[in-house]
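Okay, coords-v9.txt now, which holds compact mmCIF, C-alpha atoms:
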# COMPACT_ATOMS: atom_id res chain seq x y z
CA MET A 290 -87.17 50.12 -99.30
CA TYR A 291 -87.08 49.37 -103.01
CA THR A 292 -83.39 49.39 -104.00
CA LEU A 293 -80.33 48.89 -101.82
CA GLU A 294 -76.75 48.90 -103.09
CA THR A 295 -73.36 48.38 -101.50
CA HIS A 296 -69.69 48.24 -102.45
CA ILE A 297 -67.82 45.01 -101.95
CA MET A 298 -64.72 46.58 -103.53
CA ASP A 299 -63.89 50.27 -103.55
CA GLN A 300 -61.24 49.92 -106.25
CA CYS A 301 -61.99 49.46 -109.92
CA ASN A 302 -60.12 48.07 -112.92
CA LEU A 303 -61.35 51.03 -114.97
CA ASN A 304 -60.50 54.66 -114.40
CA CYS A 305 -63.66 56.53 -115.35
CA LYS A 306 -63.56 60.30 -115.26
CA ARG A 307 -66.17 61.74 -112.87
CA CYS A 308 -67.04 58.35 -111.39
CA ALA A 309 -69.85 59.05 -108.90
CA HIS A 310 -68.30 56.56 -106.47
CA PHE A 311 -64.82 58.17 -106.69
CA SER A 312 -63.28 54.79 -107.51
CA PRO A 313 -60.24 56.22 -109.37
CA LEU A 314 -59.25 57.94 -106.11
CA VAL A 315 -59.27 54.80 -103.95
CA PRO A 316 -55.78 53.76 -102.78
CA LYS A 317 -54.68 50.54 -104.49
CA ASP A 318 -53.93 48.85 -101.16
CA THR A 319 -57.47 49.36 -99.81
CA PRO A 320 -58.64 45.91 -98.65
CA PRO A 321 -61.81 44.22 -99.94
CA ILE A 322 -64.99 44.82 -97.96
CA ASN A 323 -65.69 42.19 -95.30
CA LEU A 324 -68.59 40.27 -96.81
CA ASN A 325 -69.54 38.74 -93.45
CA GLU A 326 -70.28 42.25 -92.19
CA ILE A 327 -72.54 42.92 -95.16
CA ILE A 328 -74.40 39.66 -94.57
CA ASN A 329 -74.91 40.61 -90.92
CA ASP A 330 -76.18 44.04 -91.91
CA LEU A 331 -78.66 42.46 -94.31
CA ILE A 332 -79.85 40.14 -91.53
CA ARG A 333 -80.38 43.23 -89.36
CA LEU A 334 -82.39 44.96 -92.10
CA ASN A 335 -84.56 41.86 -92.43
CA ALA A 336 -85.15 41.86 -88.68
CA ILE A 337 -86.49 45.43 -88.67
CA GLY A 338 -88.65 44.94 -91.75
CA CYS A 339 -86.38 46.72 -94.22
CA THR A 340 -85.64 43.98 -96.72
CA PRO A 341 -85.07 45.61 -100.14
CA LYS A 342 -86.84 44.45 -103.28
CA VAL A 343 -83.63 44.88 -105.34
CA PHE A 344 -80.10 44.43 -104.00
CA LYS A 345 -77.14 45.63 -106.09
CA ILE A 346 -73.62 44.33 -105.44
CA LEU A 347 -71.37 47.14 -106.63
CA GLY A 348 -67.96 48.73 -106.59
CA GLY A 349 -65.62 49.87 -107.68
CA GLU A 350 -65.57 46.60 -109.52
CA PRO A 351 -67.23 43.77 -107.56
CA LEU A 352 -65.56 41.02 -109.59
CA LEU A 353 -62.23 42.08 -108.06
CA HIS A 354 -63.34 40.68 -104.69
CA PRO A 355 -61.39 37.46 -104.06
CA ASN A 356 -64.22 35.82 -102.08
CA LEU A 357 -67.32 36.90 -103.96
CA GLU A 358 -68.10 33.43 -105.31
CA ASP A 359 -67.99 31.96 -101.80
CA PHE A 360 -70.71 34.35 -100.62
CA LEU A 361 -73.30 33.98 -103.37
CA GLU A 362 -75.19 31.31 -101.42
CA ALA A 363 -75.10 33.50 -98.28
CA PHE A 364 -76.50 36.52 -100.14
CA ARG A 365 -79.36 34.43 -101.52
CA GLY A 366 -79.99 32.82 -98.16
CA VAL A 367 -80.48 36.19 -96.49
CA LEU A 368 -82.33 37.84 -99.36
CA VAL A 369 -84.96 35.24 -100.20
CA GLY A 370 -87.13 36.44 -103.08
CA VAL A 371 -85.05 39.59 -103.60
CA ASP A 372 -83.74 40.51 -107.06
CA ILE A 373 -79.94 40.29 -106.54
CA LEU A 374 -77.75 41.97 -109.17
CA ILE A 375 -73.97 42.00 -109.54
CA TRP A 376 -73.29 45.32 -111.28
CA THR A 377 -70.00 45.20 -113.22
CA ASN A 378 -68.16 46.84 -116.10
CA GLY A 379 -67.84 43.30 -117.45
CA LEU A 380 -64.17 43.29 -118.38
CA LEU A 381 -63.29 40.60 -115.83
CA LEU A 382 -66.14 38.27 -116.76
CA PRO A 383 -64.08 36.27 -119.30
CA ARG A 384 -61.64 35.39 -116.48
CA MET A 385 -64.30 34.21 -114.04
CA PRO A 386 -64.41 30.43 -113.51
CA LYS A 387 -67.34 28.34 -114.68
CA SER A 388 -68.22 27.72 -111.03
CA PHE A 389 -69.02 31.43 -110.62
CA PHE A 390 -71.60 31.38 -113.40
CA ASP A 391 -72.98 28.05 -112.19
CA LYS A 392 -73.54 29.50 -108.71
CA CYS A 393 -75.14 32.63 -110.09
CA LYS A 394 -77.56 30.42 -112.01
CA LYS A 395 -78.19 28.16 -109.02
CA TYR A 396 -78.97 31.06 -106.69
CA ASN A 397 -80.74 33.18 -109.31
CA ILE A 398 -78.28 36.07 -109.11
CA ARG A 399 -78.12 38.17 -112.26
CA ILE A 400 -75.11 39.99 -113.70
CA VAL A 401 -75.61 43.44 -115.24
CA ILE A 402 -72.88 44.97 -117.40
CA THR A 403 -72.59 48.73 -117.65
CA PRO A 404 -72.03 48.99 -121.40
CA TYR A 405 -69.25 51.48 -121.75
CA LYS A 406 -67.75 51.24 -125.23
CA VAL A 407 -64.62 49.59 -123.83
CA SER A 408 -66.68 46.64 -122.56
CA ARG A 409 -69.52 46.64 -125.09
CA GLU A 410 -67.08 46.17 -127.99
CA ASN A 411 -64.93 43.59 -126.19
CA LYS A 412 -65.29 40.29 -128.07
CA ALA A 413 -64.56 38.13 -125.03
CA VAL A 414 -67.23 39.94 -123.01
CA GLN A 415 -69.70 39.53 -125.86
CA GLU A 416 -69.07 35.78 -125.82
CA VAL A 417 -69.76 35.59 -122.09
CA VAL A 418 -73.07 37.40 -122.60
CA ALA A 419 -74.06 35.05 -125.43
CA GLN A 420 -73.14 31.93 -123.45
CA ASN A 421 -74.89 33.02 -120.25
CA SER A 422 -77.79 35.08 -121.57
CA GLU A 423 -80.18 33.79 -118.90
CA ILE A 424 -78.24 35.59 -116.17
CA VAL A 425 -75.99 38.13 -117.93
CA LYS A 426 -77.18 41.24 -119.77
CA TYR A 427 -76.03 44.70 -120.74
CA ASP A 428 -77.72 47.53 -118.87
CA ASP A 429 -79.83 49.64 -121.19
CA TYR A 430 -79.39 52.84 -119.19
CA PHE A 431 -75.79 53.84 -119.85
CA CYS A 432 -73.97 53.86 -123.16
CA ASP A 433 -71.18 56.03 -124.59
CA TYR A 434 -72.03 58.95 -122.34
CA PHE A 435 -71.49 59.36 -118.63
CA TRP A 436 -74.08 61.08 -116.48
CA GLU A 437 -72.66 62.81 -113.46
CA ILE A 438 -73.90 65.14 -110.76
CA PRO A 439 -71.46 68.00 -110.18
CA LEU A 440 -70.52 69.02 -106.64
CA THR A 441 -69.79 72.52 -105.37
CA ILE A 442 -66.86 73.16 -103.06
CA GLN A 443 -68.73 75.92 -101.24
CA ALA A 444 -71.71 74.70 -99.23
CA MET A 445 -75.07 76.11 -100.32
CA PRO A 446 -77.36 75.61 -97.30
CA TYR A 447 -80.01 77.89 -98.82
CA TYR A 448 -80.26 75.47 -101.78
CA LYS A 449 -80.42 72.26 -99.73
CA GLU A 450 -84.20 71.90 -99.89
CA ARG A 451 -84.31 72.80 -103.58
CA ASN A 452 -81.49 70.45 -104.49
CA TRP A 453 -83.27 67.60 -102.71
CA ARG A 454 -86.67 68.37 -104.15
CA GLU A 455 -85.36 68.49 -107.72
CA CYS A 456 -82.83 65.66 -107.43
CA ARG A 457 -83.35 62.77 -109.81
CA ILE A 458 -82.27 60.14 -107.27
CA ASN A 459 -84.06 61.31 -104.11
CA LYS A 460 -86.75 58.62 -104.09
CA GLY A 461 -84.77 55.62 -102.90
CA ARG A 462 -83.15 54.78 -106.24
CA CYS A 463 -79.59 54.72 -104.86
CA THR A 464 -79.92 53.89 -101.17
CA THR A 465 -76.40 52.89 -100.13
CA LEU A 466 -75.27 50.58 -97.33
CA ARG A 467 -71.83 51.46 -96.00
CA ASN A 468 -70.23 50.61 -92.63
CA HIS A 469 -73.56 49.66 -90.99
CA LYS A 470 -75.20 52.87 -92.19
CA LEU A 471 -77.73 53.74 -94.87
CA TYR A 472 -77.30 56.78 -97.12
CA PRO A 473 -79.83 58.14 -99.64
CA CYS A 474 -77.13 58.24 -102.31
CA CYS A 475 -73.50 57.31 -102.89
CA PHE A 476 -71.91 60.75 -102.47
CA PRO A 477 -71.95 61.08 -98.67
CA ALA A 478 -71.07 57.39 -98.33
CA TYR A 479 -67.84 57.68 -100.35
CA ILE A 480 -66.92 61.38 -100.17
CA LYS A 481 -63.89 60.56 -98.01
CA PHE A 482 -62.05 59.46 -101.14
CA LEU A 483 -62.45 62.89 -102.71
CA ASN A 484 -61.59 64.62 -99.43
CA ALA A 485 -58.32 62.68 -99.39
CA ARG A 486 -57.33 64.72 -102.45
CA GLY A 487 -57.34 67.89 -100.34
CA PHE A 488 -61.00 68.84 -100.40
CA ASN A 489 -63.06 69.53 -97.31
CA PHE A 490 -66.57 68.33 -98.02
CA GLN A 491 -68.46 67.79 -94.83
CA GLU A 492 -68.43 64.15 -93.73
CA SER A 493 -71.61 64.61 -91.75
CA ASN A 494 -73.97 62.38 -89.84
CA ASP A 495 -76.13 61.79 -92.90
CA GLY A 496 -75.77 58.03 -92.52
CA ILE A 497 -78.49 56.16 -90.61
CA ASN A 498 -77.03 53.55 -88.25
CA ILE A 499 -79.16 50.46 -88.85
CA TYR A 500 -78.45 49.20 -85.33
CA GLU A 501 -79.95 52.33 -83.77
CA ILE A 502 -83.34 52.27 -85.49
CA GLU A 503 -86.41 50.17 -84.88
CA ASP A 504 -88.40 49.83 -88.09
CA GLU A 505 -88.80 50.69 -91.75
CA ARG A 506 -90.88 53.78 -91.04
CA ASP A 507 -88.02 55.34 -89.09
CA ILE A 508 -85.64 54.68 -91.99
CA GLU A 509 -87.99 56.04 -94.63
CA ASN A 510 -88.69 59.22 -92.69
CA ARG A 511 -84.96 59.95 -92.68
CA LEU A 512 -83.96 58.57 -96.07
CA TYR A 513 -86.61 60.48 -97.97
CA SER A 514 -85.75 63.89 -96.53
CA PRO A 515 -83.03 66.42 -97.36
CA ILE A 516 -79.63 65.67 -95.84
CA ASP A 517 -76.74 67.98 -95.05
CA PHE A 518 -74.78 66.83 -98.08
CA CYS A 519 -77.50 68.19 -100.37
CA GLN A 520 -76.00 71.63 -99.84
CA TYR A 521 -72.96 70.58 -101.92
CA CYS A 522 -74.82 68.82 -104.66
CA ASN A 523 -76.33 70.00 -107.92
CA GLY A 524 -78.51 66.90 -107.98
CA ARG A 525 -81.10 68.69 -110.07
CA ILE A 526 -78.58 68.76 -112.91
CA PHE A 527 -77.09 65.78 -114.72
CA ASP A 528 -74.12 66.78 -116.85
CA GLU A 529 -73.54 64.45 -119.79
CA HIS A 530 -70.10 63.84 -121.26
CA PRO A 531 -68.39 61.14 -123.31
CA TRP A 532 -66.84 58.30 -121.36
CA GLU A 533 -63.13 58.88 -120.86
CA HIS A 534 -60.32 58.02 -118.50
CA TRP A 535 -59.70 60.16 -115.44
CA SER A 536 -56.40 62.02 -115.27
CA GLU A 537 -54.63 61.85 -111.91
CA ASN A 538 -53.59 65.47 -112.27
CA ASN A 539 -57.13 66.78 -112.53
CA ASP A 540 -59.91 66.74 -109.91
CA ASP A 541 -62.25 69.22 -111.57
CA GLY A 542 -64.33 66.46 -113.11
CA TRP A 543 -66.25 66.28 -109.85
CA ILE A 544 -66.47 70.01 -109.18
CA SER A 545 -68.68 72.71 -110.64
CA THR A 546 -69.93 76.18 -109.78
CA PRO A 547 -73.38 76.64 -108.21
CA ARG A 548 -76.32 76.79 -110.63
Here is the file; what I need is its structure written in the form of structure tokens.
Amino acid sequence: MYTLETHIMDQCNLNCKRCAHFSPLVPKDTPPINLNEIINDLIRLNAIGCTPKVFKILGGEPLLHPNLEDFLEAFRGVLVGVDILIWTNGLLLPRMPKSFFDKCKKYNIRIVITPYKVSRENKAVQEVVAQNSEIVKYDDYFCDYFWEIPLTIQAMPYYKERNWRECRINKGRCTTLRNHKLYPCCFPAYIKFLNARGFNFQESNDGINIYEIEDERDIENRLYSPIDFCQYCNGRIFDEHPWEHWSENNDDGWISTPR
């Protein structure tokens, strides 16, 4: 397994339209993810030979987690030799204590900022990058435009194989750990937040329970195959649009018609 990512917070301090993780839809009182459970899941993956090469700590916004700093040593202790990245929009970095950056440096954990204009042009964020350049950088993949994969309300089972075959993220780029399960992408892992808005996307058994499998081959055989959720997804198409705030009165940012 090359890349593994997981939320430690579902909420975010931004409100990005068409967020692929549905963070604007997460109730504000949703508690932080239990980091002990994530550590235990990573220990389990190590035990069955599924240690990732890259581990991304995501959200939502991971810097919102009140106990993140306390777990940096634990993450490094479990993931020896793994490239650990905290993926953030960066806006909270100027408020983080010096001890946070010191621990990131000590445990060789890098911080990657998604450079939306709102964070890229923030002077305080720029200063943090300049002062901690050995561990903090802007991602060079995103900029002023948002890439999103539109979903279709009506299932398209006859397109499932095609959608998987032509999907840009079907080769382990976004393997997601959520509630002791692995998903090939973030959509089935977090679709419950969109369903809470009155939609009825299938919350299927696409997740692979890591405590019910024996080795990496079993995981790869299932991760790198079409899943039921592919019938809702136009993964072969990436729609590009300028970054903007999501409006609470409008859900159509995530929905399209079949193509």
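Interatomic distance, atom CA of A:Ile337 against atom CA of A:Lys481: 28.8 Å.
Picture a line from atom CA of A:Trp453 to atom CA of A:Thr340; it runs 24.5 Å.
Atom pair atom CA of A:Glu423 / atom CA of A:Asp372: separated by 14.1 Å.
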Quick one: residues within 8 Å of stretch 292-305 of chain A, all atoms listed in the file counted, chain neighbours fewer than 5 positions away excluded, as JSON, numbers by chain? {"A": [312, 313, 315, 316, 317, 319, 320, 321, 322, 323, 324, 341, 342, 343, 344, 345, 346, 347, 348, 349, 350, 351, 353, 354, 461, 462, 463, 464, 465, 466, 467, 532, 533, 534, 535]}
Mind dumping the selected residues with C-alpha atoms as a tab-separated table (two decimals), in the coordinates of the input?
chain	number	residue	atom	x	y	z
A	312	SER	CA	-63.28	54.79	-107.51
A	313	PRO	CA	-60.24	56.22	-109.37
A	315	VAL	CA	-59.27	54.80	-103.95
A	316	PRO	CA	-55.78	53.76	-102.78
A	317	LYS	CA	-54.68	50.54	-104.49
A	319	THR	CA	-57.47	49.36	-99.81
A	320	PRO	CA	-58.64	45.91	-98.65
A	321	PRO	CA	-61.81	44.22	-99.94
A	322	ILE	CA	-64.99	44.82	-97.96
A	323	ASN	CA	-65.69	42.19	-95.30
A	324	LEU	CA	-68.59	40.27	-96.81
A	341	PRO	CA	-85.07	45.61	-100.14
A	342	LYS	CA	-86.84	44.45	-103.28
A	343	VAL	CA	-83.63	44.88	-105.34
A	344	PHE	CA	-80.10	44.43	-104.00
A	345	LYS	CA	-77.14	45.63	-106.09
A	346	ILE	CA	-73.62	44.33	-105.44
A	347	LEU	CA	-71.37	47.14	-106.63
A	348	GLY	CA	-67.96	48.73	-106.59
A	349	GLY	CA	-65.62	49.87	-107.68
A	350	GLU	CA	-65.57	46.60	-109.52
A	351	PRO	CA	-67.23	43.77	-107.56
A	353	LEU	CA	-62.23	42.08	-108.06
A	354	HIS	CA	-63.34	40.68	-104.69
A	461	GLY	CA	-84.77	55.62	-102.90
A	462	ARG	CA	-83.15	54.78	-106.24
A	463	CYS	CA	-79.59	54.72	-104.86
A	464	THR	CA	-79.92	53.89	-101.17
A	465	THR	CA	-76.40	52.89	-100.13
A	466	LEU	CA	-75.27	50.58	-97.33
A	467	ARG	CA	-71.83	51.46	-96.00
A	532	TRP	CA	-66.84	58.30	-121.36
A	533	GLU	CA	-63.13	58.88	-120.86
A	534	HIS	CA	-60.32	58.02	-118.50
A	535	TRP	CA	-59.70	60.16	-115.44
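With only C-alpha atoms as the atoms that count, the minimum distance from A:Asn498 to the choices A:Lys406, A:Ala336, A:Arg511, A:Asn397 is reached by A:Arg511.
With all atoms listed in the file as the basis for measurement, A:Arg451 is the residue among A:Arg451, A:Arg486, A:Arg365, A:His469 that approaches A:Cys522 most closely.
With all atoms listed in the file as the basis for measurement, A:Val417 is the residue among A:Leu440, A:Ala309, A:Val417, A:Ile499 that approaches A:Ile400 most closely.
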Tell me, as a ChimeraX atom specification, which residues lie within 9 Å of A:Leu361, counting only C-alpha atoms; anything in the same chain fewer than 3 positions away does not count. /A:357-358,364-366,389,392-393,396,398
Write to file, as a compact mmCIF listing (two decimals), in the frame of the given file, the residues of the selection just made, with C-alpha atoms.
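Output contents, as saved in result-v7.txt:
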# COMPACT_ATOMS: atom_id res chain seq x y z
CA LEU A 357 -67.32 36.90 -103.96
CA GLU A 358 -68.10 33.43 -105.31
CA PHE A 364 -76.50 36.52 -100.14
CA ARG A 365 -79.36 34.43 -101.52
CA GLY A 366 -79.99 32.82 -98.16
CA PHE A 389 -69.02 31.43 -110.62
CA LYS A 392 -73.54 29.50 -108.71
CA CYS A 393 -75.14 32.63 -110.09
CA TYR A 396 -78.97 31.06 -106.69
CA ILE A 398 -78.28 36.07 -109.11
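In this comparison, which uses only C-alpha atoms, the residue of A:Ala444, A:Ile402, A:Ile497, A:Cys339 approaching A:Val371 most closely is A:Cys339.
Residue nearest A:Leu374, chosen from A:Arg399, A:Cys475, A:Asn468, A:Asn489 and counting only C-alpha atoms: A:Arg399.
With all atoms listed in the file as the atoms that count, the minimum distance from A:Val425 to the choices A:Val367, A:Leu471, A:Cys519, A:Val401 is reached by A:Val401.
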